[in-house]
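What's in entry.txt: compact mmCIF, N, CA and C atoms
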# COMPACT_ATOMS: atom_id res chain seq x y z
N MET P 1 42.00 -0.97 83.93
CA MET P 1 43.14 -1.30 84.77
C MET P 1 44.31 -1.69 83.88
N ARG P 2 45.48 -1.26 84.26
CA ARG P 2 46.70 -1.60 83.53
C ARG P 2 47.43 -2.69 84.32
N LEU P 3 47.85 -3.72 83.60
CA LEU P 3 48.64 -4.80 84.19
C LEU P 3 50.05 -4.67 83.65
N VAL P 4 51.03 -4.59 84.53
CA VAL P 4 52.43 -4.45 84.13
C VAL P 4 53.18 -5.71 84.57
N PHE P 5 53.80 -6.38 83.60
CA PHE P 5 54.58 -7.58 83.87
C PHE P 5 56.05 -7.24 83.72
N LEU P 6 56.80 -7.37 84.79
CA LEU P 6 58.22 -7.04 84.75
C LEU P 6 59.00 -8.14 84.05
N ASP P 7 59.87 -7.75 83.16
CA ASP P 7 60.78 -8.69 82.52
C ASP P 7 62.00 -8.83 83.43
N SER P 8 62.91 -9.71 83.07
CA SER P 8 64.08 -9.93 83.92
C SER P 8 64.97 -8.70 84.03
N GLY P 9 64.97 -7.81 83.03
CA GLY P 9 65.79 -6.60 83.10
C GLY P 9 65.41 -5.70 84.27
N PRO P 10 64.17 -5.20 84.30
CA PRO P 10 63.78 -4.36 85.43
C PRO P 10 63.74 -5.12 86.74
N LEU P 11 63.37 -6.40 86.71
CA LEU P 11 63.35 -7.18 87.94
C LEU P 11 64.76 -7.29 88.50
N GLY P 12 65.74 -7.51 87.63
CA GLY P 12 67.13 -7.55 88.07
C GLY P 12 67.58 -6.22 88.65
N MET P 13 67.13 -5.11 88.05
CA MET P 13 67.46 -3.79 88.59
C MET P 13 66.92 -3.62 90.00
N LEU P 14 65.75 -4.19 90.25
CA LEU P 14 65.15 -4.06 91.58
C LEU P 14 65.93 -4.82 92.64
N THR P 15 66.73 -5.81 92.23
CA THR P 15 67.51 -6.58 93.20
C THR P 15 68.90 -5.99 93.42
N ASN P 16 69.26 -4.97 92.64
CA ASN P 16 70.57 -4.33 92.80
C ASN P 16 70.58 -3.48 94.06
N PRO P 17 71.77 -3.32 94.63
CA PRO P 17 71.87 -2.49 95.84
C PRO P 17 71.48 -1.03 95.55
N ARG P 18 71.06 -0.37 96.59
CA ARG P 18 70.72 1.06 96.46
C ARG P 18 71.97 1.85 96.12
N GLY P 19 71.77 3.01 95.53
CA GLY P 19 72.89 3.87 95.20
C GLY P 19 73.30 3.80 93.74
N ARG P 20 72.73 2.87 93.00
CA ARG P 20 72.99 2.80 91.56
C ARG P 20 71.85 3.55 90.88
N PRO P 21 72.15 4.64 90.17
CA PRO P 21 71.10 5.52 89.64
C PRO P 21 69.99 4.81 88.85
N LYS P 22 70.34 3.96 87.89
CA LYS P 22 69.30 3.30 87.10
C LYS P 22 68.45 2.37 87.96
N SER P 23 69.09 1.66 88.88
CA SER P 23 68.34 0.77 89.77
C SER P 23 67.42 1.58 90.68
N ASP P 24 67.93 2.69 91.21
CA ASP P 24 67.10 3.55 92.07
C ASP P 24 65.92 4.12 91.29
N GLN P 25 66.16 4.52 90.04
CA GLN P 25 65.08 5.06 89.22
C GLN P 25 64.05 3.99 88.89
N CYS P 26 64.51 2.79 88.62
CA CYS P 26 63.59 1.69 88.34
C CYS P 26 62.77 1.35 89.58
N ARG P 27 63.43 1.34 90.74
CA ARG P 27 62.73 1.08 92.00
C ARG P 27 61.64 2.13 92.23
N GLN P 28 61.97 3.39 91.97
CA GLN P 28 60.99 4.47 92.15
C GLN P 28 59.83 4.33 91.17
N TRP P 29 60.15 3.94 89.94
CA TRP P 29 59.11 3.74 88.92
C TRP P 29 58.12 2.66 89.37
N VAL P 30 58.63 1.54 89.91
CA VAL P 30 57.76 0.45 90.38
C VAL P 30 56.95 0.91 91.59
N LYS P 31 57.58 1.67 92.49
CA LYS P 31 56.84 2.21 93.64
C LYS P 31 55.71 3.11 93.19
N ASP P 32 55.99 3.96 92.21
CA ASP P 32 54.95 4.86 91.67
C ASP P 32 53.81 4.07 91.04
N LEU P 33 54.16 3.01 90.31
CA LEU P 33 53.11 2.17 89.72
C LEU P 33 52.27 1.51 90.81
N ALA P 34 52.94 0.95 91.80
CA ALA P 34 52.23 0.27 92.89
C ALA P 34 51.35 1.25 93.66
N ALA P 35 51.81 2.50 93.78
CA ALA P 35 51.04 3.52 94.50
C ALA P 35 49.80 3.95 93.73
N ALA P 36 49.75 3.63 92.45
CA ALA P 36 48.59 4.02 91.64
C ALA P 36 47.33 3.23 92.06
N GLY P 37 47.52 2.24 92.90
CA GLY P 37 46.38 1.51 93.48
C GLY P 37 45.63 0.66 92.49
N VAL P 38 44.31 0.80 92.47
CA VAL P 38 43.46 -0.08 91.68
C VAL P 38 43.61 0.11 90.18
N ARG P 39 44.27 1.17 89.75
CA ARG P 39 44.43 1.41 88.32
C ARG P 39 45.57 0.61 87.71
N VAL P 40 46.51 0.16 88.52
CA VAL P 40 47.68 -0.55 88.02
C VAL P 40 48.02 -1.72 88.94
N ARG P 41 48.31 -2.87 88.33
CA ARG P 41 48.83 -4.01 89.08
C ARG P 41 50.17 -4.39 88.46
N VAL P 42 51.18 -4.57 89.30
CA VAL P 42 52.52 -4.91 88.84
C VAL P 42 52.80 -6.37 89.21
N PHE P 43 53.19 -7.15 88.21
CA PHE P 43 53.42 -8.57 88.40
C PHE P 43 54.88 -8.95 88.22
N VAL P 44 55.31 -9.93 88.99
CA VAL P 44 56.59 -10.59 88.78
C VAL P 44 56.25 -11.93 88.13
N PRO P 45 56.54 -12.08 86.83
CA PRO P 45 56.29 -13.37 86.19
C PRO P 45 57.27 -14.42 86.72
N GLU P 46 56.79 -15.61 86.89
CA GLU P 46 57.64 -16.68 87.43
C GLU P 46 58.88 -16.89 86.56
N ILE P 47 58.74 -16.78 85.25
CA ILE P 47 59.89 -16.99 84.37
C ILE P 47 60.96 -15.92 84.59
N ALA P 48 60.55 -14.67 84.84
CA ALA P 48 61.51 -13.59 85.12
C ALA P 48 62.18 -13.84 86.47
N ASP P 49 61.41 -14.30 87.46
CA ASP P 49 61.98 -14.65 88.76
C ASP P 49 63.05 -15.71 88.58
N TYR P 50 62.76 -16.73 87.79
CA TYR P 50 63.72 -17.80 87.53
C TYR P 50 65.00 -17.26 86.89
N GLU P 51 64.85 -16.40 85.87
CA GLU P 51 66.02 -15.88 85.16
C GLU P 51 66.92 -15.05 86.07
N VAL P 52 66.31 -14.20 86.88
CA VAL P 52 67.10 -13.37 87.79
C VAL P 52 67.69 -14.21 88.91
N ARG P 53 66.87 -15.10 89.47
CA ARG P 53 67.31 -15.93 90.60
C ARG P 53 68.49 -16.83 90.22
N ARG P 54 68.45 -17.45 89.04
CA ARG P 54 69.54 -18.35 88.66
C ARG P 54 70.87 -17.59 88.56
N LYS P 55 70.82 -16.35 88.08
CA LYS P 55 72.04 -15.55 87.99
C LYS P 55 72.54 -15.17 89.39
N LEU P 56 71.61 -14.77 90.26
CA LEU P 56 72.00 -14.41 91.63
C LEU P 56 72.60 -15.60 92.37
N ILE P 57 72.03 -16.79 92.16
CA ILE P 57 72.57 -18.00 92.78
C ILE P 57 73.95 -18.28 92.20
N HIS P 58 74.09 -18.14 90.89
CA HIS P 58 75.37 -18.41 90.23
C HIS P 58 76.49 -17.52 90.77
N ILE P 59 76.19 -16.25 90.99
CA ILE P 59 77.23 -15.33 91.48
C ILE P 59 77.23 -15.25 93.01
N GLN P 60 76.42 -16.08 93.65
CA GLN P 60 76.34 -16.17 95.11
C GLN P 60 75.99 -14.82 95.75
N ALA P 61 75.01 -14.14 95.15
CA ALA P 61 74.56 -12.84 95.65
C ALA P 61 73.40 -13.06 96.62
N ILE P 62 73.72 -13.43 97.84
CA ILE P 62 72.72 -13.77 98.85
C ILE P 62 71.81 -12.57 99.14
N ALA P 63 72.39 -11.39 99.26
CA ALA P 63 71.58 -10.19 99.53
C ALA P 63 70.64 -9.91 98.35
N GLY P 64 71.09 -10.16 97.13
CA GLY P 64 70.24 -9.98 95.95
C GLY P 64 69.07 -10.95 95.94
N ILE P 65 69.33 -12.18 96.38
CA ILE P 65 68.25 -13.17 96.47
C ILE P 65 67.22 -12.72 97.51
N ARG P 66 67.70 -12.18 98.63
CA ARG P 66 66.78 -11.67 99.66
C ARG P 66 65.93 -10.53 99.09
N ARG P 67 66.58 -9.61 98.34
CA ARG P 67 65.84 -8.50 97.75
C ARG P 67 64.83 -9.01 96.72
N LEU P 68 65.20 -10.03 95.95
CA LEU P 68 64.26 -10.62 94.98
C LEU P 68 63.06 -11.20 95.71
N ASP P 69 63.30 -11.89 96.81
CA ASP P 69 62.19 -12.45 97.61
C ASP P 69 61.29 -11.34 98.15
N GLN P 70 61.89 -10.22 98.55
CA GLN P 70 61.10 -9.08 99.05
C GLN P 70 60.24 -8.49 97.95
N VAL P 71 60.83 -8.33 96.77
CA VAL P 71 60.06 -7.79 95.62
C VAL P 71 58.90 -8.72 95.31
N LYS P 72 59.17 -10.00 95.28
CA LYS P 72 58.15 -11.01 95.00
C LYS P 72 57.01 -10.97 96.03
N ALA P 73 57.36 -10.73 97.28
CA ALA P 73 56.35 -10.69 98.34
C ALA P 73 55.53 -9.39 98.27
N THR P 74 56.11 -8.35 97.70
CA THR P 74 55.45 -7.04 97.65
C THR P 74 54.51 -6.91 96.47
N LEU P 75 54.92 -7.44 95.31
CA LEU P 75 54.14 -7.30 94.08
C LEU P 75 53.32 -8.56 93.83
N ASP P 76 52.46 -8.51 92.83
CA ASP P 76 51.70 -9.69 92.43
C ASP P 76 52.64 -10.68 91.74
N TYR P 77 52.31 -11.95 91.83
CA TYR P 77 53.14 -13.00 91.24
C TYR P 77 52.34 -13.72 90.17
N ALA P 78 52.95 -13.92 89.00
CA ALA P 78 52.28 -14.60 87.89
C ALA P 78 52.96 -15.94 87.65
N PRO P 79 52.38 -17.02 88.20
CA PRO P 79 53.00 -18.34 88.04
C PRO P 79 52.90 -18.83 86.59
N ILE P 80 53.81 -19.73 86.25
CA ILE P 80 53.83 -20.31 84.91
C ILE P 80 52.79 -21.43 84.84
N THR P 81 52.04 -21.41 83.76
CA THR P 81 51.16 -22.53 83.44
C THR P 81 51.41 -22.87 81.96
N THR P 82 50.98 -24.01 81.53
CA THR P 82 51.16 -24.38 80.13
C THR P 82 50.47 -23.38 79.22
N ASP P 83 49.24 -22.99 79.55
CA ASP P 83 48.52 -22.02 78.72
C ASP P 83 49.27 -20.70 78.63
N VAL P 84 49.83 -20.24 79.74
CA VAL P 84 50.58 -18.98 79.74
C VAL P 84 51.81 -19.11 78.84
N MET P 85 52.53 -20.21 78.93
CA MET P 85 53.74 -20.38 78.12
C MET P 85 53.40 -20.50 76.63
N LEU P 86 52.33 -21.17 76.29
CA LEU P 86 51.93 -21.28 74.89
C LEU P 86 51.56 -19.91 74.33
N ARG P 87 50.81 -19.15 75.11
CA ARG P 87 50.42 -17.80 74.67
C ARG P 87 51.64 -16.88 74.59
N ALA P 88 52.56 -17.01 75.53
CA ALA P 88 53.77 -16.19 75.51
C ALA P 88 54.59 -16.48 74.25
N ALA P 89 54.67 -17.74 73.85
CA ALA P 89 55.41 -18.10 72.63
C ALA P 89 54.76 -17.47 71.40
N GLU P 90 53.43 -17.48 71.34
CA GLU P 90 52.71 -16.86 70.22
C GLU P 90 52.98 -15.36 70.17
N LEU P 91 52.92 -14.71 71.32
CA LEU P 91 53.14 -13.26 71.37
C LEU P 91 54.58 -12.92 71.03
N TRP P 92 55.52 -13.74 71.50
CA TRP P 92 56.93 -13.50 71.18
C TRP P 92 57.13 -13.57 69.67
N ALA P 93 56.57 -14.61 69.05
CA ALA P 93 56.72 -14.77 67.60
C ALA P 93 56.05 -13.61 66.86
N ALA P 94 54.90 -13.19 67.32
CA ALA P 94 54.18 -12.10 66.67
C ALA P 94 54.99 -10.81 66.74
N ARG P 95 55.66 -10.56 67.84
CA ARG P 95 56.45 -9.34 68.00
C ARG P 95 57.65 -9.34 67.06
N ARG P 96 58.06 -10.49 66.60
CA ARG P 96 59.23 -10.58 65.73
C ARG P 96 58.87 -10.76 64.27
N GLY P 97 57.60 -10.65 63.94
CA GLY P 97 57.18 -10.67 62.55
C GLY P 97 57.31 -12.02 61.86
N VAL P 98 57.04 -13.08 62.59
CA VAL P 98 57.08 -14.41 62.00
C VAL P 98 56.00 -14.51 60.92
N PRO P 99 56.31 -15.13 59.76
CA PRO P 99 55.30 -15.27 58.70
C PRO P 99 54.01 -15.87 59.25
N GLY P 100 52.90 -15.30 58.85
CA GLY P 100 51.60 -15.76 59.33
C GLY P 100 51.09 -15.00 60.53
N CYS P 101 51.94 -14.23 61.17
CA CYS P 101 51.51 -13.44 62.33
C CYS P 101 51.42 -11.98 61.91
N GLN P 102 50.29 -11.42 62.05
CA GLN P 102 50.14 -10.00 61.75
C GLN P 102 50.23 -9.25 63.06
N ARG P 103 51.39 -8.66 63.28
CA ARG P 103 51.74 -8.07 64.56
C ARG P 103 50.71 -7.07 65.07
N ARG P 104 50.38 -6.08 64.28
CA ARG P 104 49.47 -5.04 64.77
C ARG P 104 48.09 -5.60 65.08
N ALA P 105 47.58 -6.45 64.20
CA ALA P 105 46.26 -7.03 64.44
C ALA P 105 46.27 -7.88 65.70
N LEU P 106 47.32 -8.67 65.88
CA LEU P 106 47.41 -9.52 67.07
C LEU P 106 47.53 -8.67 68.33
N MET P 107 48.36 -7.62 68.25
CA MET P 107 48.55 -6.77 69.42
C MET P 107 47.24 -6.07 69.79
N ARG P 108 46.50 -5.61 68.78
CA ARG P 108 45.21 -4.98 69.07
C ARG P 108 44.25 -5.99 69.68
N TRP P 109 44.24 -7.20 69.10
CA TRP P 109 43.32 -8.23 69.57
C TRP P 109 43.60 -8.62 71.01
N THR P 110 44.88 -8.72 71.37
CA THR P 110 45.21 -9.12 72.73
C THR P 110 45.23 -7.94 73.69
N GLY P 111 45.22 -6.73 73.15
CA GLY P 111 45.23 -5.55 74.00
C GLY P 111 46.61 -5.21 74.52
N ILE P 112 47.64 -5.76 73.89
CA ILE P 112 49.00 -5.47 74.37
C ILE P 112 49.53 -4.23 73.67
N ALA P 113 50.08 -3.36 74.46
CA ALA P 113 50.73 -2.16 73.92
C ALA P 113 52.14 -2.11 74.46
N SER P 114 53.06 -1.77 73.62
CA SER P 114 54.44 -1.63 74.08
C SER P 114 54.53 -0.36 74.91
N TRP P 115 55.17 -0.47 76.04
CA TRP P 115 55.26 0.67 76.97
C TRP P 115 56.61 0.66 77.60
N ARG P 116 57.35 1.73 77.42
CA ARG P 116 58.72 1.77 77.94
C ARG P 116 58.91 2.99 78.83
N PRO P 117 59.17 2.77 80.11
CA PRO P 117 59.46 3.91 80.97
C PRO P 117 60.84 4.45 80.67
N LYS P 118 61.00 5.75 80.79
CA LYS P 118 62.32 6.36 80.59
C LYS P 118 63.25 5.86 81.68
N LEU P 119 64.47 5.61 81.30
CA LEU P 119 65.56 5.26 82.21
C LEU P 119 65.42 3.90 82.89
N CYS P 120 64.34 3.18 82.64
CA CYS P 120 64.26 1.86 83.25
C CYS P 120 64.72 0.86 82.20
N CYS P 121 63.94 -0.11 81.90
CA CYS P 121 64.40 -1.14 81.00
C CYS P 121 63.51 -1.24 79.79
N ARG P 122 64.09 -1.47 78.62
CA ARG P 122 63.27 -1.51 77.42
C ARG P 122 62.44 -2.77 77.33
N SER P 123 62.66 -3.74 78.17
CA SER P 123 61.94 -4.99 78.05
C SER P 123 60.66 -5.02 78.90
N VAL P 124 60.21 -3.88 79.34
CA VAL P 124 58.96 -3.82 80.11
C VAL P 124 57.80 -3.78 79.15
N ARG P 125 56.78 -4.52 79.43
CA ARG P 125 55.56 -4.49 78.63
C ARG P 125 54.37 -4.32 79.55
N ALA P 126 53.43 -3.55 79.13
CA ALA P 126 52.21 -3.36 79.92
C ALA P 126 51.03 -3.89 79.12
N ILE P 127 50.11 -4.49 79.80
CA ILE P 127 48.88 -4.95 79.17
C ILE P 127 47.75 -4.11 79.75
N GLN P 128 47.00 -3.49 78.87
CA GLN P 128 45.89 -2.64 79.33
C GLN P 128 44.59 -3.38 79.21
Will you turn the file into structure tokens for me?
Amino acid sequence: MRLVFLDSGPLGMLTNPRGRPKSDQCRQWVKDLAAAGVRVRVFVPEIADYEVRRKLIHIQAIAGIRRLDQVKATLDYAPITTDVMLRAAELWAARRGVPGCQRRALMRWTGIASWRPKLCCRSVRAIQ
């Protein structure tokens, strides 16, 4: 099974109004993933929800907040826990080549593979 965690980039695209080509393509990509059924689960991480939501609140985009709530209700939700945040910090550092972190070995060990859909957002990561 593939687990896909949306970063704030693609999540923000999903809250954009219809008619914007990249947002429409990203929306279709997520629909296709969700339609894959038991082979793929798509998650909205709580931290990504926070990042997108704070911007929508700041610009008073009420319709965008409603769309974010709809996306959250449709996909799986990954709440923040201390363990998740500690592990996320380790993975972030490993991806940036911090001394003492061997990126490839760590990525193999955790099973994380970089995965980028065309025309969506480069900050998407999938865990297999």
re atom C of Lys72 in chain P and atom C of His58 in chain P: distance 21.2 Å
Could you name the residues that touch Val44 in chain P at 9 Å or less, counting only C-alpha atoms, but leaving out those on the same chain fewer than 2 positions away, as number ranges by chain?
P: 4-8, 11, 42, 46-49, 71-72, 75-79
Report, in Å to a single decimal, how far apart atom N of Pro45 in chain P and CA of Asp24 in chain P are.
19.6 Å
Atomic separation - atom C of Gly9 in chain P relative to atom C of Ile65 in chain P, Å
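Going from atom C of Ile65 in chain P over to atom C of Gly9 in chain P, I get 15.1 Å.
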If DSSP is run on the backbone, what residues of range 10-113 of chain P are alpha helix (DSSP H)? A reply as number ranges by chain would be ideal.
P: 10-15, 21-35, 46-58, 62-74, 82-95, 103-110
Closest contacts (range 56-82 of chain P/range 14-17 of chain P, max 6 Å, all atoms listed in the file) as JSON lines:
{"residue": "P:Gly64", "atom": "CA", "partner": "P:Thr15", "partner_atom": "C", "distance": 4.9}
{"residue": "P:Arg67", "atom": "C", "partner": "P:Thr15", "partner_atom": "CA", "distance": 5.0}
{"residue": "P:Leu68", "atom": "N", "partner": "P:Thr15", "partner_atom": "CA", "distance": 5.0}
